[in-house]
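For reference, the structure is listed below as structure tokens.
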Amino acid sequence: DQALVSSIYLDGYVVTGRKDFAATARGIFDYVLRQLASPEGGIYSTEDADSEGKEGLFYIWTWEQVHDALKDDALGDEDGSLFSSFYDVTATGNWDHPGDAHVPEGAKNILRILRPVEEAARLHGMQPAELERRLAAARQKLFAVREHRVHPALDDKILSGWNGLMIASLAKGAAVLEEPRYREAAVRAADFVLTRMQQDGR
């Protein structure tokens, strides 16, 4: 999924020039290299969707969690409000699955972008670059908070077909985004498949 979706976002970026498409592809690649790249170079299959027995628990946020993490002595709750507005975080939540015992109870939010950065910046009376800078800083703070949560389990199978898809997308990403790290990761994964995943010439 990560390989196919990142490749589609790259195509969208090439056709439209939309920077958010490029940013999404980068985000996917960075996640794969951070969480799914094996020390030997191959790409692991997946991470579980659930942790602590609850679907999506690692990834979702309550309004209170976001605002607590982003509260600042100088700015107060300004960054929390800005982040919540852009990523659709509300006190009532944006994801509900009533009656499903595997879904965490209570108001919960999946971070999602509802409008382009340029439109959101206009609504907040700021330049797009300033909004992007503040959102990036807020994401880093929330990422640090999330790292203390119980992580989903890793499925560390390395499948040749799935690695082929990811190698192709990483190589395309290296060319389109001019990012040497993605090329290096593609080469390492290809070397792993060609040297470690053959038996009797197959």
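Chains: A, B, ... in order of the structure tokens. Residues: from 1 per chain. Ligands: from 1, in order shown.
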**OP:** Pull the alpha helix (DSSP H) assignments for chain A out of DSSP run on the backbone, and list those residues as a ChimeraX atom specification.
**Re:** /A:2-16,19-31,63-70,78-87,117-123,128-146,160-177,180-196
Report as a short mmCIF file (atom, residue, chain, number, x, y, z; two decimals) with N, CA and C atoms, in the first residue's frame all protein, DNA and RNA residues lying within 8 Å of Ile43 of chain A, evaluated on only C-alpha atoms, omitting residues in the same chain fewer than 5 positions from it.
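Result went into around_9.cif, see below:
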data_model
loop_
_atom_site.label_atom_id
_atom_site.label_comp_id
_atom_site.auth_asym_id
_atom_site.auth_seq_id
_atom_site.Cartn_x
_atom_site.Cartn_y
_atom_site.Cartn_z
N VAL A 32 8.35 4.74 5.82
CA VAL A 32 8.85 3.42 5.44
C VAL A 32 10.30 3.24 5.86
N LEU A 36 9.99 0.60 8.59
CA LEU A 36 9.88 -0.68 7.88
C LEU A 36 11.17 -1.15 7.21
N ALA A 37 12.22 -0.34 7.22
CA ALA A 37 13.48 -0.75 6.58
C ALA A 37 14.27 -1.64 7.54
N SER A 38 14.64 -2.81 7.07
CA SER A 38 15.45 -3.71 7.90
C SER A 38 16.89 -3.24 7.90
N ILE A 158 9.82 -10.24 4.84
CA ILE A 158 10.32 -9.46 3.71
C ILE A 158 9.91 -10.20 2.44
N LEU A 159 8.97 -9.63 1.71
CA LEU A 159 8.40 -10.28 0.53
C LEU A 159 8.98 -9.65 -0.73
N ASN A 163 8.64 -5.77 -1.97
CA ASN A 163 9.89 -5.01 -2.05
C ASN A 163 10.09 -4.46 -3.46
N MET A 166 8.11 -1.31 -3.68
CA MET A 166 8.69 -0.22 -2.90
C MET A 166 9.98 0.28 -3.52
N ALA A 189 17.66 -2.07 -0.90
CA ALA A 189 16.59 -3.07 -0.95
C ALA A 189 16.76 -3.98 -2.16
#
What's the 8 Å shell around Val117 of chain A, counting only C-alpha atoms, without same-chain residues fewer than 3 positions away, as a PDB file with N, CA, C and O atoms, in the first residue's frame?
ATOM      1  N   ALA A 120      -6.066  27.627   3.950  1.00  0.00           N
ATOM      2  CA  ALA A 120      -6.020  27.663   5.416  1.00  0.00           C
ATOM      3  C   ALA A 120      -5.234  28.875   5.901  1.00  0.00           C
ATOM      4  O   ALA A 120      -5.622  29.532   6.875  1.00  0.00           O
ATOM      5  N   ALA A 121      -4.133  29.194   5.231  1.00  0.00           N
ATOM      6  CA  ALA A 121      -3.325  30.353   5.616  1.00  0.00           C
ATOM      7  C   ALA A 121      -4.133  31.638   5.464  1.00  0.00           C
ATOM      8  O   ALA A 121      -4.077  32.523   6.329  1.00  0.00           O
ATOM      9  N   PRO A 128       1.367  31.283   3.588  1.00  0.00           N
ATOM     10  CA  PRO A 128       1.448  29.817   3.569  1.00  0.00           C
ATOM     11  C   PRO A 128       2.745  29.268   4.161  1.00  0.00           C
ATOM     12  O   PRO A 128       2.731  28.264   4.877  1.00  0.00           O
ATOM     13  N   LEU A 131       2.496  29.272   7.915  1.00  0.00           N
ATOM     14  CA  LEU A 131       1.607  28.201   8.379  1.00  0.00           C
ATOM     15  C   LEU A 131       2.305  26.850   8.293  1.00  0.00           C
ATOM     16  O   LEU A 131       2.260  26.058   9.243  1.00  0.00           O
ATOM     17  N   GLU A 132       2.964  26.585   7.182  1.00  0.00           N
ATOM     18  CA  GLU A 132       3.671  25.311   7.021  1.00  0.00           C
ATOM     19  C   GLU A 132       4.752  25.144   8.087  1.00  0.00           C
ATOM     20  O   GLU A 132       4.938  24.053   8.626  1.00  0.00           O
TER      21      GLU A 132
END
Subject >> Residue contacts of Ala49 of chain A (10 Å, only C-alpha atoms) excluding same-chain residues fewer than 2 positions away, as a list in words >> reply: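 Listed by chain and then number, they are Thr46, Glu47, Ser51, Gly53, Lys54, Glu55, Gly56, Leu57, Phe58, Tyr59, His151, Pro152, Ala153 and Leu154 of chain A.
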Original post:
Would you give me, as number ranges by chain, the residues in segment 47-92 of chain A that DSSP reads as strand (DSSP E)?
Top reply: A: 47, 50-51, 54-55
Next, the residues of the selection above should be written as a PDB file, in the first residue's frame with N, CA, C and O atoms.
ATOM      1  N   GLU A  47       3.141  -2.874   9.667  1.00  0.00           N
ATOM      2  CA  GLU A  47       2.881  -2.756  11.098  1.00  0.00           C
ATOM      3  C   GLU A  47       1.402  -3.045  11.326  1.00  0.00           C
ATOM      4  O   GLU A  47       0.570  -2.773  10.457  1.00  0.00           O
ATOM      5  N   ASP A  50      -3.504  -2.188  15.088  1.00  0.00           N
ATOM      6  CA  ASP A  50      -3.890  -2.016  16.483  1.00  0.00           C
ATOM      7  C   ASP A  50      -2.678  -2.097  17.409  1.00  0.00           C
ATOM      8  O   ASP A  50      -1.630  -2.615  17.051  1.00  0.00           O
ATOM      9  N   SER A  51      -2.854  -1.526  18.586  1.00  0.00           N
ATOM     10  CA  SER A  51      -1.892  -1.667  19.669  1.00  0.00           C
ATOM     11  C   SER A  51      -2.692  -1.698  20.963  1.00  0.00           C
ATOM     12  O   SER A  51      -3.763  -1.082  21.053  1.00  0.00           O
ATOM     13  N   LYS A  54      -6.440  -2.321  20.666  1.00  0.00           N
ATOM     14  CA  LYS A  54      -7.390  -1.336  20.157  1.00  0.00           C
ATOM     15  C   LYS A  54      -6.960  -0.831  18.777  1.00  0.00           C
ATOM     16  O   LYS A  54      -5.805  -0.453  18.574  1.00  0.00           O
ATOM     17  N   GLU A  55      -7.916  -0.795  17.864  1.00  0.00           N
ATOM     18  CA  GLU A  55      -7.670  -0.362  16.491  1.00  0.00           C
ATOM     19  C   GLU A  55      -7.263   1.117  16.447  1.00  0.00           C
ATOM     20  O   GLU A  55      -7.967   1.984  16.973  1.00  0.00           O
TER      21      GLU A  55
END
**OP:** For Ala69 of chain A, list every protein, DNA or RNA residue within 12 Å, evaluated using only C-alpha atoms, and leave out those in the same chain fewer than 3 positions away; present the list as a PyMOL selection string.
**Re:** chain A and resi 61-66+72-73+76-81+83-84+137-146
**OP:** Could you give me, as a PyMOL selection string, the residues within 10 Å of Ala174 of chain A, counting only C-alpha atoms and dropping anything in the same chain fewer than 5 positions from it?
**Re:** chain A and resi 26+168-169+179-186
Based on the selection just made, write C-alpha atoms of those residues as an mmCIF file, in the first residue's frame.
data_model
loop_
_atom_site.group_PDB
_atom_site.id
_atom_site.type_symbol
_atom_site.label_atom_id
_atom_site.label_comp_id
_atom_site.auth_asym_id
_atom_site.auth_seq_id
_atom_site.Cartn_x
_atom_site.Cartn_y
_atom_site.Cartn_z
ATOM 1 C CA ARG A 26 7.934 12.283 1.217
ATOM 2 C CA ALA A 168 10.296 1.135 -7.860
ATOM 3 C CA SER A 169 8.495 3.858 -5.932
ATOM 4 C CA GLU A 179 16.313 13.024 -2.796
ATOM 5 C CA PRO A 180 19.468 10.828 -2.675
ATOM 6 C CA ARG A 181 18.292 9.031 0.490
ATOM 7 C CA TYR A 182 15.454 7.408 -1.431
ATOM 8 C CA ARG A 183 17.818 6.233 -4.165
ATOM 9 C CA GLU A 184 20.168 4.757 -1.563
ATOM 10 C CA ALA A 185 17.280 2.923 0.108
ATOM 11 C CA ALA A 186 16.086 1.568 -3.248
#
**OP:** Choose the residue, out of A:Ile60, A:Gln2, A:Gly41, A:Glu178, that has the smallest atom-to-atom separation from Val103 of chain A; count only C-alpha atoms.
**Re:**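 For Val103 of chain A, the nearest of the candidates is A:Ile60.
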**OP:** Show which residues sit within 9 Å of Ile8 of chain A, as a ChimeraX atom specification. Count only C-alpha atoms, and ignore same-chain residues fewer than 5 positions away.
**Re:** /A:3,13,25
